[in-house]
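Colleague: structure.cif is reproduced below (mmCIF, C-alpha atoms).
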```cif
data_coords
#
loop_
_atom_site.label_atom_id
_atom_site.label_comp_id
_atom_site.auth_asym_id
_atom_site.auth_seq_id
_atom_site.Cartn_x
_atom_site.Cartn_y
_atom_site.Cartn_z
CA MET A 844 5.97 -167.34 0.14
CA SER A 845 7.52 -165.58 -2.85
CA ALA A 846 10.02 -167.18 -5.19
CA THR A 847 11.73 -163.78 -5.53
CA ARG A 848 15.00 -163.64 -3.60
CA THR A 849 15.41 -161.00 -0.91
CA PRO A 850 17.94 -158.31 -1.94
CA VAL A 851 21.40 -158.69 -0.48
CA GLY A 852 21.93 -156.16 2.30
CA LEU A 853 18.27 -155.68 3.23
CA ARG A 854 18.15 -154.53 6.84
CA LEU A 855 15.03 -154.73 9.01
CA ARG A 856 15.21 -152.47 12.03
CA PRO A 857 12.82 -151.23 14.72
CA TYR A 858 11.04 -147.92 14.50
CA ALA A 859 13.38 -145.13 15.65
CA GLY A 860 10.76 -142.56 16.63
CA GLU A 861 9.60 -139.33 15.02
CA PRO A 862 12.51 -139.08 12.55
CA ASP A 863 11.02 -142.13 10.77
CA LEU A 864 7.60 -140.55 10.22
CA ALA A 865 8.61 -138.61 7.11
CA GLU A 866 9.99 -141.80 5.55
CA ILE A 867 6.84 -143.76 6.39
CA ALA A 868 4.68 -141.03 4.87
CA ARG A 869 6.85 -140.93 1.74
CA ILE A 870 6.62 -144.71 1.24
CA GLU A 871 2.91 -144.95 2.00
CA ASN A 872 1.96 -142.06 -0.29
CA ALA A 873 4.09 -143.41 -3.14
CA GLU A 874 2.32 -146.77 -2.80
CA ALA A 875 -1.10 -145.11 -2.70
CA GLU A 876 -0.34 -143.17 -5.89
CA ALA A 877 0.99 -146.24 -7.71
CA ASP A 878 -1.99 -148.37 -6.65
CA GLN A 879 -4.57 -145.67 -7.39
CA LEU A 880 -5.72 -145.52 -3.78
CA PRO A 881 -7.69 -142.32 -3.09
CA GLU A 882 -5.87 -141.56 0.14
CA ARG A 883 -2.76 -139.83 1.44
CA VAL A 884 -1.12 -139.44 4.84
CA THR A 885 0.86 -136.65 6.47
CA VAL A 886 3.60 -136.58 9.06
CA ASP A 887 1.27 -134.76 11.46
CA GLY A 888 -1.42 -137.41 11.02
CA LEU A 889 1.08 -140.20 11.62
CA ALA A 890 2.40 -138.36 14.67
CA ALA A 891 -1.11 -138.41 16.16
CA GLU A 892 -1.45 -142.13 15.45
CA TYR A 893 2.01 -143.11 16.67
CA GLY A 894 2.15 -140.66 19.56
CA HIS A 895 -0.21 -142.57 21.85
CA PRO A 896 1.05 -146.12 22.41
CA SER A 897 -1.43 -148.65 23.75
CA GLU A 898 -1.39 -152.32 24.67
CA SER A 899 -2.53 -153.25 21.18
CA PHE A 900 -0.34 -150.83 19.23
CA ASP A 901 3.03 -149.58 20.39
CA PRO A 902 5.18 -148.24 17.52
CA ALA A 903 8.39 -149.12 19.35
CA ARG A 904 7.28 -152.77 19.24
CA ASP A 905 4.98 -152.81 16.23
CA VAL A 906 6.68 -150.85 13.44
CA THR A 907 9.62 -152.13 11.38
CA ILE A 908 11.63 -150.18 8.80
CA ALA A 909 13.29 -151.94 5.84
CA GLU A 910 16.48 -150.32 4.55
CA LEU A 911 18.88 -150.87 1.65
CA ASP A 912 22.16 -148.96 1.72
CA GLY A 913 20.75 -146.77 4.48
CA GLN A 914 17.63 -145.80 2.52
CA ALA A 915 14.17 -146.66 3.82
CA VAL A 916 12.40 -148.70 1.12
CA ALA A 917 9.51 -150.27 3.04
CA TYR A 918 7.90 -150.50 6.44
CA GLY A 919 5.79 -152.99 8.36
CA LEU A 920 2.99 -152.28 10.82
CA ARG A 921 1.33 -154.54 13.38
CA ASN A 922 -1.47 -154.35 15.95
CA TRP A 923 -4.04 -156.64 17.51
CA VAL A 924 -7.72 -156.47 18.41
CA ASP A 925 -10.39 -158.66 19.99
CA THR A 926 -13.02 -158.98 17.30
CA THR A 927 -16.79 -159.07 17.51
CA ASP A 928 -16.78 -162.61 16.12
CA GLY A 929 -14.83 -163.90 19.11
CA LEU A 930 -11.24 -163.91 17.87
CA ARG A 931 -8.04 -162.17 18.81
CA GLU A 932 -6.76 -160.94 15.47
CA TYR A 933 -3.09 -160.08 15.11
CA ARG A 934 -3.08 -157.69 12.17
CA VAL A 935 -0.18 -157.12 9.78
CA ASP A 936 0.22 -154.34 7.24
CA GLY A 937 2.90 -152.33 5.50
CA SER A 938 4.06 -150.72 2.28
CA VAL A 939 6.93 -151.12 -0.18
CA HIS A 940 8.01 -148.09 -2.20
CA PRO A 941 7.03 -148.76 -5.83
CA ALA A 942 10.63 -148.21 -6.99
CA TRP A 943 11.65 -151.27 -4.95
CA ARG A 944 8.85 -153.68 -5.81
CA ARG A 945 9.28 -157.20 -7.22
CA ARG A 946 12.53 -157.74 -5.34
CA GLY A 947 11.31 -159.85 -2.43
CA ILE A 948 11.12 -156.96 0.05
CA GLY A 949 7.36 -157.34 0.57
CA ALA A 950 7.71 -161.06 1.21
CA ALA A 951 10.54 -160.43 3.68
CA MET A 952 8.47 -157.82 5.52
CA LEU A 953 5.41 -160.07 5.66
CA THR A 954 7.54 -162.90 7.04
CA GLU A 955 8.95 -160.59 9.71
CA ASN A 956 5.49 -159.24 10.55
CA GLU A 957 4.16 -162.76 11.01
CA ARG A 958 7.18 -163.83 13.08
CA LEU A 959 6.78 -160.94 15.49
CA GLN A 960 3.00 -161.34 15.75
CA ARG A 961 3.35 -165.05 16.53
CA ALA A 962 5.85 -164.24 19.27
CA LEU A 963 3.52 -161.61 20.72
CA ALA A 964 0.53 -163.95 20.55
CA ALA A 965 2.47 -166.62 22.42
CA SER A 966 2.82 -164.19 25.34
CA HIS A 967 -0.94 -163.48 25.51
CA ALA A 968 -3.40 -165.46 27.60
CA THR A 969 -6.88 -165.11 26.11
CA PRO A 970 -9.94 -167.36 25.72
CA ASN A 971 -10.27 -166.16 22.12
CA ALA A 972 -8.98 -168.18 19.19
CA LYS A 973 -6.01 -166.42 17.58
CA VAL A 974 -5.65 -165.54 13.90
CA ILE A 975 -3.50 -163.29 11.75
CA GLY A 976 -5.31 -160.68 9.68
CA SER A 977 -4.50 -158.22 6.90
CA TRP A 978 -6.13 -155.94 4.31
CA SER A 979 -5.75 -155.12 0.65
CA GLY A 980 -7.41 -152.83 -1.85
CA ASP A 981 -8.70 -154.37 -5.06
CA THR A 982 -6.23 -152.26 -7.07
CA GLN A 983 -3.28 -153.72 -5.13
CA ALA A 984 -2.46 -156.76 -7.24
CA GLY A 985 0.94 -157.22 -5.60
CA ASP A 986 -0.50 -157.23 -2.07
CA ILE A 987 -3.20 -159.70 -3.08
CA ALA A 988 -0.66 -162.06 -4.67
CA LEU A 989 1.60 -161.83 -1.62
CA LEU A 990 -1.20 -162.64 0.82
CA GLN A 991 -2.45 -165.51 -1.30
CA ALA A 992 1.06 -166.96 -1.52
CA ALA A 993 1.28 -166.74 2.29
CA GLU A 994 -1.99 -168.75 2.56
CA PHE A 995 -4.24 -165.94 3.74
CA MET A 996 -7.89 -166.36 2.80
CA PRO A 997 -10.43 -163.59 2.05
CA VAL A 998 -13.06 -163.33 4.78
CA ARG A 999 -14.87 -160.01 4.29
CA TRP A 1000 -15.32 -157.25 1.75
CA PHE A 1001 -15.63 -153.50 2.24
CA PHE A 1002 -16.62 -150.66 -0.04
CA GLU A 1003 -15.61 -147.04 -0.21
CA MET A 1004 -18.60 -145.12 -1.51
CA THR A 1005 -18.59 -141.64 -3.01
CA ARG A 1006 -21.34 -139.12 -3.65
CA PRO A 1007 -19.93 -137.32 -6.70
CA THR A 1008 -21.83 -134.09 -6.09
CA LEU A 1009 -23.27 -132.26 -3.11
CA ASP A 1010 -26.11 -130.83 -5.17
CA ASP A 1011 -29.70 -132.03 -4.84
CA ILE A 1012 -29.52 -132.89 -1.15
CA PRO A 1013 -32.98 -133.78 0.16
CA GLU A 1014 -34.43 -132.26 3.33
CA LEU A 1015 -35.49 -134.82 5.91
CA PRO A 1016 -36.79 -134.15 9.43
CA LEU A 1017 -35.43 -135.77 12.54
CA PRO A 1018 -37.77 -138.20 14.29
CA ASP A 1019 -39.98 -136.55 16.89
CA GLY A 1020 -38.36 -135.90 20.25
CA LEU A 1021 -34.77 -135.83 18.94
CA GLU A 1022 -32.51 -132.84 18.46
CA VAL A 1023 -29.00 -132.18 17.16
CA ARG A 1024 -26.66 -130.46 19.61
CA PRO A 1025 -23.10 -129.18 19.22
CA ILE A 1026 -20.36 -131.55 20.31
CA THR A 1027 -17.99 -130.01 22.83
CA PRO A 1028 -14.68 -131.53 23.95
CA ALA A 1029 -16.50 -132.71 27.10
CA LEU A 1030 -19.00 -134.65 24.95
CA ALA A 1031 -16.50 -136.09 22.45
CA ARG A 1032 -15.70 -139.17 24.53
CA ARG A 1033 -19.40 -139.96 24.93
CA VAL A 1034 -19.86 -139.87 21.16
CA TRP A 1035 -16.82 -142.10 20.67
CA ASP A 1036 -18.07 -144.62 23.25
CA ALA A 1037 -21.54 -144.62 21.67
CA ASP A 1038 -19.93 -145.27 18.30
CA ILE A 1039 -18.11 -148.36 19.63
CA GLU A 1040 -21.28 -149.63 21.31
CA ALA A 1041 -23.32 -149.23 18.12
CA PHE A 1042 -20.85 -151.34 16.13
CA GLU A 1043 -20.63 -154.20 18.62
CA ASP A 1044 -23.03 -156.26 16.47
CA HIS A 1045 -21.01 -155.53 13.30
CA TRP A 1046 -17.99 -157.41 11.98
CA GLY A 1047 -14.61 -156.13 13.15
CA GLY A 1048 -13.05 -155.02 16.40
CA PHE A 1049 -12.19 -151.94 18.40
CA ASP A 1050 -9.29 -150.57 20.42
CA ARG A 1051 -11.23 -149.08 23.34
CA SER A 1052 -8.19 -147.60 25.08
CA ASN A 1053 -7.78 -143.99 26.09
CA ALA A 1054 -4.79 -143.89 23.76
CA SER A 1055 -6.98 -144.85 20.81
CA PHE A 1056 -9.45 -142.09 21.66
CA GLN A 1057 -6.62 -139.59 21.95
CA ARG A 1058 -5.40 -140.54 18.47
CA TRP A 1059 -8.82 -139.48 17.15
CA LEU A 1060 -8.72 -136.16 18.95
CA ASP A 1061 -5.14 -135.32 18.00
CA HIS A 1062 -5.47 -136.06 14.30
CA PRO A 1063 -5.17 -132.77 12.38
CA ALA A 1064 -8.37 -133.52 10.43
CA THR A 1065 -10.49 -133.84 13.58
CA ASP A 1066 -12.94 -130.96 13.91
CA LEU A 1067 -15.69 -131.37 16.52
CA SER A 1068 -17.77 -128.70 14.78
CA LEU A 1069 -18.29 -131.22 11.96
CA TRP A 1070 -19.65 -133.94 14.26
CA LEU A 1071 -23.43 -134.30 14.24
CA ALA A 1072 -25.11 -136.09 17.15
CA ALA A 1073 -28.83 -136.59 17.73
CA PHE A 1074 -29.89 -136.57 21.37
CA ASP A 1075 -32.96 -138.07 22.98
CA GLY A 1076 -32.95 -136.21 26.26
CA ASP A 1077 -29.46 -136.82 27.66
CA GLU A 1078 -28.89 -139.95 25.55
CA ILE A 1079 -26.90 -139.97 22.32
CA ALA A 1080 -29.20 -141.80 19.91
CA ALA A 1081 -27.08 -141.53 16.77
CA ALA A 1082 -24.21 -139.55 15.33
CA ILE A 1083 -22.01 -139.00 12.33
CA ILE A 1084 -18.34 -138.23 12.81
CA ASN A 1085 -17.57 -136.07 9.80
CA LEU A 1086 -14.12 -134.86 8.83
CA ILE A 1087 -12.36 -132.85 6.17
CA ASP A 1088 -8.73 -133.79 5.58
CA ARG A 1089 -7.51 -130.65 3.86
CA ASP A 1090 -3.93 -131.90 3.46
CA GLU A 1091 -5.16 -135.06 1.74
CA ASN A 1092 -7.51 -133.03 -0.45
CA GLU A 1093 -4.69 -130.75 -1.53
CA ALA A 1094 -2.48 -133.73 -2.39
CA LEU A 1095 -5.25 -135.34 -4.44
CA GLY A 1096 -6.57 -132.12 -5.98
CA ILE A 1097 -10.12 -132.66 -4.71
CA LEU A 1098 -12.61 -131.17 -2.26
CA ARG A 1099 -13.88 -134.20 -0.35
CA GLY A 1100 -15.54 -134.54 3.02
CA TRP A 1101 -15.79 -137.84 4.88
CA LEU A 1102 -18.68 -139.31 6.80
CA ALA A 1103 -16.04 -141.19 8.74
CA SER A 1104 -18.44 -143.04 11.04
CA VAL A 1105 -22.23 -143.28 10.76
CA PHE A 1106 -23.99 -144.99 13.64
CA THR A 1107 -27.35 -145.40 15.36
CA ARG A 1108 -27.64 -147.09 18.73
CA ARG A 1109 -29.99 -150.06 18.88
CA PRO A 1110 -33.01 -148.52 20.68
CA TRP A 1111 -33.27 -145.79 18.01
CA ARG A 1112 -32.85 -147.85 14.85
CA ARG A 1113 -35.42 -148.21 12.05
CA ARG A 1114 -36.77 -144.69 12.54
CA GLY A 1115 -35.00 -142.86 9.71
CA LEU A 1116 -32.51 -141.25 12.05
CA ALA A 1117 -29.36 -142.15 10.12
CA ARG A 1118 -30.90 -140.91 6.88
CA ALA A 1119 -31.79 -137.57 8.48
CA LEU A 1120 -28.28 -137.12 9.87
CA ILE A 1121 -26.65 -138.07 6.58
CA VAL A 1122 -28.44 -135.35 4.64
CA ARG A 1123 -27.50 -132.85 7.35
CA SER A 1124 -23.89 -134.01 7.07
CA LEU A 1125 -23.89 -133.57 3.31
CA THR A 1126 -25.24 -130.05 3.69
CA LEU A 1127 -22.65 -129.25 6.36
CA LEU A 1128 -19.80 -130.50 4.18
CA ARG A 1129 -21.12 -128.54 1.21
CA ASP A 1130 -21.34 -125.40 3.34
CA ARG A 1131 -17.67 -125.91 4.29
CA GLY A 1132 -16.71 -125.83 0.62
CA MET A 1133 -16.64 -129.53 -0.21
CA ARG A 1134 -17.86 -130.85 -3.56
CA ILE A 1135 -17.95 -134.60 -2.96
CA ALA A 1136 -18.52 -136.85 0.06
CA ALA A 1137 -17.24 -140.33 0.87
CA LEU A 1138 -17.73 -143.06 3.45
CA GLY A 1139 -16.78 -146.67 4.08
CA VAL A 1140 -19.16 -149.58 4.56
CA ASP A 1141 -19.04 -153.30 5.23
CA ALA A 1142 -20.47 -155.04 2.16
CA ASP A 1143 -22.45 -157.30 4.53
CA ASN A 1144 -23.49 -154.58 6.96
CA PRO A 1145 -26.38 -156.05 8.99
CA SER A 1146 -28.24 -152.74 9.24
CA GLY A 1147 -28.80 -152.37 5.50
CA ALA A 1148 -26.43 -149.41 5.29
CA LEU A 1149 -25.33 -150.15 1.73
CA GLY A 1150 -28.86 -149.70 0.36
CA LEU A 1151 -29.36 -146.56 2.47
CA TYR A 1152 -26.23 -144.95 1.07
CA GLU A 1153 -27.17 -145.87 -2.50
CA ASP A 1154 -30.60 -144.28 -1.97
CA LEU A 1155 -28.86 -141.07 -0.93
CA GLY A 1156 -26.68 -140.85 -4.03
CA PHE A 1157 -23.54 -142.75 -3.01
CA ALA A 1158 -21.96 -145.31 -5.34
CA VAL A 1159 -19.13 -147.79 -4.81
CA SER A 1160 -15.82 -146.23 -5.87
CA HIS A 1161 -13.27 -148.61 -4.32
CA ARG A 1162 -13.28 -152.14 -2.88
CA ALA A 1163 -11.11 -153.74 -0.21
CA THR A 1164 -10.71 -157.22 1.23
CA ALA A 1165 -10.06 -158.43 4.77
CA TRP A 1166 -7.85 -161.52 4.92
CA ARG A 1167 -7.14 -164.06 7.67
CA LYS A 1168 -5.05 -167.14 8.30
CA ALA A 1169 -4.62 -169.49 11.23
CA LEU A 1170 -1.95 -168.41 13.67
#
```
I'd like the structure from this file rewritten - as structure tokens, please.
Modeller:
Amino acid sequence: MSATRTPVGLRLRPYAGEPDLAEIARIENAEAEADQLPERVTVDGLAAEYGHPSESFDPARDVTIAELDGQAVAYGLRNWVDTTDGLREYRVDGSVHPAWRRRGIGAAMLTENERLQRALAASHATPNAKVIGSWSGDTQAGDIALLQAAEFMPVRWFFEMTRPTLDDIPELPLPDGLEVRPITPALARRVWDADIEAFEDHWGGFDRSNASFQRWLDHPATDLSLWLAAFDGDEIAAAIINLIDRDENEALGILRGWLASVFTRRPWRRRGLARALIVRSLTLLRDRGMRIAALGVDADNPSGALGLYEDLGFAVSHRATAWRKAL
């Protein structure tokens, strides 16, 4: 672990409910600013995430607050997922306020996160091999050093890609026989389920619970009028879940729309469907007043998504690493 000694008086306590959300947002946003991460969170967004406990993420069990002299200086976050490569991954995350870095708080929180995840894993019966997982952005030198010191190994790389302008958007037709229809609340769950199905042959894992779906719906940036789904008869062939996080945009001083999930189900792949929906999404975001668009992609995406996005004007703007270690 770290050679830095933990500050005297550091207290690690369980999540105390909604009163902690403002402190978590404050810490996470300060870290994002210090590490040049192009993201921000809000109390309302955290309330949507934390307000629907599930088997794999229950804030009362899976969130820890670190305090010094009664002041929140860091927090830890944990969840677990069964991954598409046959593992049960017990994930650990968290943030330390930049004013309190280099004092051993991050190492103490990581140690506590691992201790609690090992205890939880010991209570689970599963045929899957168990590992501990985490994430870091490439601008987060402290996180990377901490994970390396704790014997995590990098296992996968992800890119955030940005299209710096929404000018010069090509016009591309949908494949014959397909049409885009509005997504109503009654159809939202079908789109979400189709999304999970489409990514079953990609690296990662999914919380399929009703609580996880409800977190999507309740997030203040969710707007079903931005979702684009292509139907083949009654079947959802492909879709893009677009969103505009206006609070985040205001905090960052930008006008950015997200292609938060881009998917095509297997029977409809290799027909240009994703490309056609992407250009429609870019136009939709532009018409809503956005000036740039962003999305995330697995660097080793098996569907060739990286090349597709580059062809449509996106370029890598941020890199992140997935880490694992034996449990």
Colleague: Evaluate the PyMOL selection byres ((chain A and resi 994) around 10) and record the selected residues as a ChimeraX atom specification, following the chain and residue labels used in the document.
Modeller: /A:844,988-993,995-997,1166-1169
Colleague: So what does the PyMOL selection byres ((chain A and resi 1099) around 12) actually pick up in this one, as a PyMOL selection string?
Modeller: chain A and resi 881-882+1004-1009+1085-1098+1100-1103+1125+1128-1129+1131-1138
Colleague: Print the selection's residues with C-alpha atoms to a file, as a short mmCIF file (atom, residue, chain, number, x, y, z; two decimals), in the frame of the given file.
Modeller:
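See again_27.cif below for the written result:
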```
data_model
loop_
_atom_site.label_atom_id
_atom_site.label_comp_id
_atom_site.auth_asym_id
_atom_site.auth_seq_id
_atom_site.Cartn_x
_atom_site.Cartn_y
_atom_site.Cartn_z
CA PRO A 881 -7.69 -142.32 -3.09
CA GLU A 882 -5.87 -141.56 0.14
CA MET A 1004 -18.60 -145.12 -1.51
CA THR A 1005 -18.59 -141.64 -3.01
CA ARG A 1006 -21.34 -139.12 -3.65
CA PRO A 1007 -19.93 -137.32 -6.70
CA THR A 1008 -21.83 -134.09 -6.09
CA LEU A 1009 -23.27 -132.26 -3.11
CA ASN A 1085 -17.57 -136.07 9.80
CA LEU A 1086 -14.12 -134.86 8.83
CA ILE A 1087 -12.36 -132.85 6.17
CA ASP A 1088 -8.73 -133.79 5.58
CA ARG A 1089 -7.51 -130.65 3.86
CA ASP A 1090 -3.93 -131.90 3.46
CA GLU A 1091 -5.16 -135.06 1.74
CA ASN A 1092 -7.51 -133.03 -0.45
CA GLU A 1093 -4.69 -130.75 -1.53
CA ALA A 1094 -2.48 -133.73 -2.39
CA LEU A 1095 -5.25 -135.34 -4.44
CA GLY A 1096 -6.57 -132.12 -5.98
CA ILE A 1097 -10.12 -132.66 -4.71
CA LEU A 1098 -12.61 -131.17 -2.26
CA GLY A 1100 -15.54 -134.54 3.02
CA TRP A 1101 -15.79 -137.84 4.88
CA LEU A 1102 -18.68 -139.31 6.80
CA ALA A 1103 -16.04 -141.19 8.74
CA LEU A 1125 -23.89 -133.57 3.31
CA LEU A 1128 -19.80 -130.50 4.18
CA ARG A 1129 -21.12 -128.54 1.21
CA ARG A 1131 -17.67 -125.91 4.29
CA GLY A 1132 -16.71 -125.83 0.62
CA MET A 1133 -16.64 -129.53 -0.21
CA ARG A 1134 -17.86 -130.85 -3.56
CA ILE A 1135 -17.95 -134.60 -2.96
CA ALA A 1136 -18.52 -136.85 0.06
CA ALA A 1137 -17.24 -140.33 0.87
CA LEU A 1138 -17.73 -143.06 3.45
#
```
Colleague: Rank nothing, just name the residue among A:Val998, A:Leu1069, A:Ala962, A:Ala1054 nearest to A:Ser899, using all atoms listed in the file.
Modeller: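 Of A:Val998, A:Leu1069, A:Ala962, A:Ala1054, the one nearest A:Ser899, counting all atoms listed in the file, is A:Ala1054.
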Colleague: Applying 9 Å and only C-alpha atoms, which residues near A:Phe1049 remain after dropping the ones on its own chain fewer than 3 positions away? List them as a list in words.
Modeller: Val924, Asp925, Thr926, Thr927, Ile1039, Phe1042, Glu1043 and Ser1052 of chain A
Colleague: For stretch 1026-1038 of chain A, find every residue with an atom within 7 Å (counting only C-alpha atoms), except residues of its own chain fewer than 2 positions away, and show them as a ChimeraX atom specification.
Modeller: /A:1024,1040-1042,1067-1068,1070,1106
Colleague: Give me the result of the PyMOL selection byres ((chain A and resi 930) around 8) on this file, residue by residue, as a ChimeraX atom specification.
Modeller: /A:925-929,931-932,971-974
Colleague: Which value, in Å to one decimal, gives the distance between atom CA of A:Thr907 and atom CA of A:Arg856?
Modeller: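 Atom CA of A:Arg856 lies 5.6 Å from atom CA of A:Thr907.
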Colleague: Just how far from atom CA of A:Leu1151 is atom CA of A:Ile1012, in Å to one decimal?
Modeller: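 Spanning atom CA of A:Ile1012 to atom CA of A:Leu1151 is a straight-line distance of 14.1 Å.
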Colleague: Between A:Ile867, A:Asp1077, A:Val1140, A:Gly980, which has the minimum distance to A:Leu880 (counting only C-alpha atoms)?
Modeller: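 Result for the nearest residue to A:Leu880: A:Gly980.
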Colleague: Between atom CA of A:Ala868 and atom CA of A:Glu910, what distance in Å does the model show, to one decimal?
Modeller: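 Atom-to-atom, atom CA of A:Ala868 to atom CA of A:Glu910, that is 15.0 Å.
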Colleague: I need the residue nearest A:Arg944 from this list: A:Arg958, A:Arg848, A:Arg904, A:Arg1112. Use all atoms listed in the file for the distance.
Modeller: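 Ranking A:Arg958, A:Arg848, A:Arg904, A:Arg1112 by distance to A:Arg944, first place goes to A:Arg848.
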Colleague: Please list as number ranges by chain every residue within 7 Å of A:Tyr918, counting all atoms listed in the file and excluding residues in the same chain fewer than 5 positions away.
Modeller: A: 867, 907-909, 937-939
Colleague: Can you rebuild stretch 1106-1121 of chain A with N, CA and C atoms and give it as a PDB file, in the coordinates of the input?
Modeller:
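Dumped everything to selection-v3.pdb:
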```
ATOM      1  N   PHE A1106     -23.465-143.961  12.746  1.00  0.00           N
ATOM      2  CA  PHE A1106     -23.990-144.990  13.640  1.00  0.00           C
ATOM      3  C   PHE A1106     -25.301-144.562  14.285  1.00  0.00           C
ATOM      4  N   THR A1107     -26.125-145.565  14.572  1.00  0.00           N
ATOM      5  CA  THR A1107     -27.350-145.400  15.360  1.00  0.00           C
ATOM      6  C   THR A1107     -27.356-146.479  16.429  1.00  0.00           C
ATOM      7  N   ARG A1108     -27.572-146.094  17.651  1.00  0.00           N
ATOM      8  CA  ARG A1108     -27.640-147.090  18.730  1.00  0.00           C
ATOM      9  C   ARG A1108     -28.944-147.889  18.622  1.00  0.00           C
ATOM     10  N   ARG A1109     -28.909-149.106  19.120  1.00  0.00           N
ATOM     11  CA  ARG A1109     -29.990-150.060  18.880  1.00  0.00           C
ATOM     12  C   ARG A1109     -31.397-149.551  19.216  1.00  0.00           C
ATOM     13  N   PRO A1110     -31.616-148.920  20.357  1.00  0.00           N
ATOM     14  CA  PRO A1110     -33.010-148.520  20.680  1.00  0.00           C
ATOM     15  C   PRO A1110     -33.609-147.502  19.707  1.00  0.00           C
ATOM     16  N   TRP A1111     -32.769-146.855  18.892  1.00  0.00           N
ATOM     17  CA  TRP A1111     -33.270-145.790  18.010  1.00  0.00           C
ATOM     18  C   TRP A1111     -33.201-146.165  16.532  1.00  0.00           C
ATOM     19  N   ARG A1112     -32.940-147.435  16.242  1.00  0.00           N
ATOM     20  CA  ARG A1112     -32.850-147.850  14.850  1.00  0.00           C
ATOM     21  C   ARG A1112     -34.230-147.997  14.210  1.00  0.00           C
ATOM     22  N   ARG A1113     -34.223-148.017  12.866  1.00  0.00           N
ATOM     23  CA  ARG A1113     -35.420-148.210  12.050  1.00  0.00           C
ATOM     24  C   ARG A1113     -36.421-147.061  12.185  1.00  0.00           C
ATOM     25  N   ARG A1114     -35.899-145.859  12.422  1.00  0.00           N
ATOM     26  CA  ARG A1114     -36.770-144.690  12.540  1.00  0.00           C
ATOM     27  C   ARG A1114     -36.374-143.578  11.568  1.00  0.00           C
ATOM     28  N   GLY A1115     -35.445-143.864  10.672  1.00  0.00           N
ATOM     29  CA  GLY A1115     -35.000-142.860   9.710  1.00  0.00           C
ATOM     30  C   GLY A1115     -33.985-141.879  10.256  1.00  0.00           C
ATOM     31  N   LEU A1116     -33.410-142.189  11.400  1.00  0.00           N
ATOM     32  CA  LEU A1116     -32.510-141.250  12.050  1.00  0.00           C
ATOM     33  C   LEU A1116     -31.197-141.104  11.290  1.00  0.00           C
ATOM     34  N   ALA A1117     -30.614-142.230  10.865  1.00  0.00           N
ATOM     35  CA  ALA A1117     -29.360-142.150  10.120  1.00  0.00           C
ATOM     36  C   ALA A1117     -29.534-141.364   8.832  1.00  0.00           C
ATOM     37  N   ARG A1118     -30.632-141.614   8.139  1.00  0.00           N
ATOM     38  CA  ARG A1118     -30.900-140.910   6.880  1.00  0.00           C
ATOM     39  C   ARG A1118     -30.965-139.394   7.114  1.00  0.00           C
ATOM     40  N   ALA A1119     -31.652-138.998   8.184  1.00  0.00           N
ATOM     41  CA  ALA A1119     -31.790-137.570   8.480  1.00  0.00           C
ATOM     42  C   ALA A1119     -30.446-136.937   8.817  1.00  0.00           C
ATOM     43  N   LEU A1120     -29.598-137.661   9.531  1.00  0.00           N
ATOM     44  CA  LEU A1120     -28.280-137.120   9.870  1.00  0.00           C
ATOM     45  C   LEU A1120     -27.349-137.085   8.670  1.00  0.00           C
ATOM     46  N   ILE A1121     -27.499-138.065   7.775  1.00  0.00           N
ATOM     47  CA  ILE A1121     -26.650-138.070   6.580  1.00  0.00           C
ATOM     48  C   ILE A1121     -26.908-136.842   5.726  1.00  0.00           C
TER      49      ILE A1121
END
```
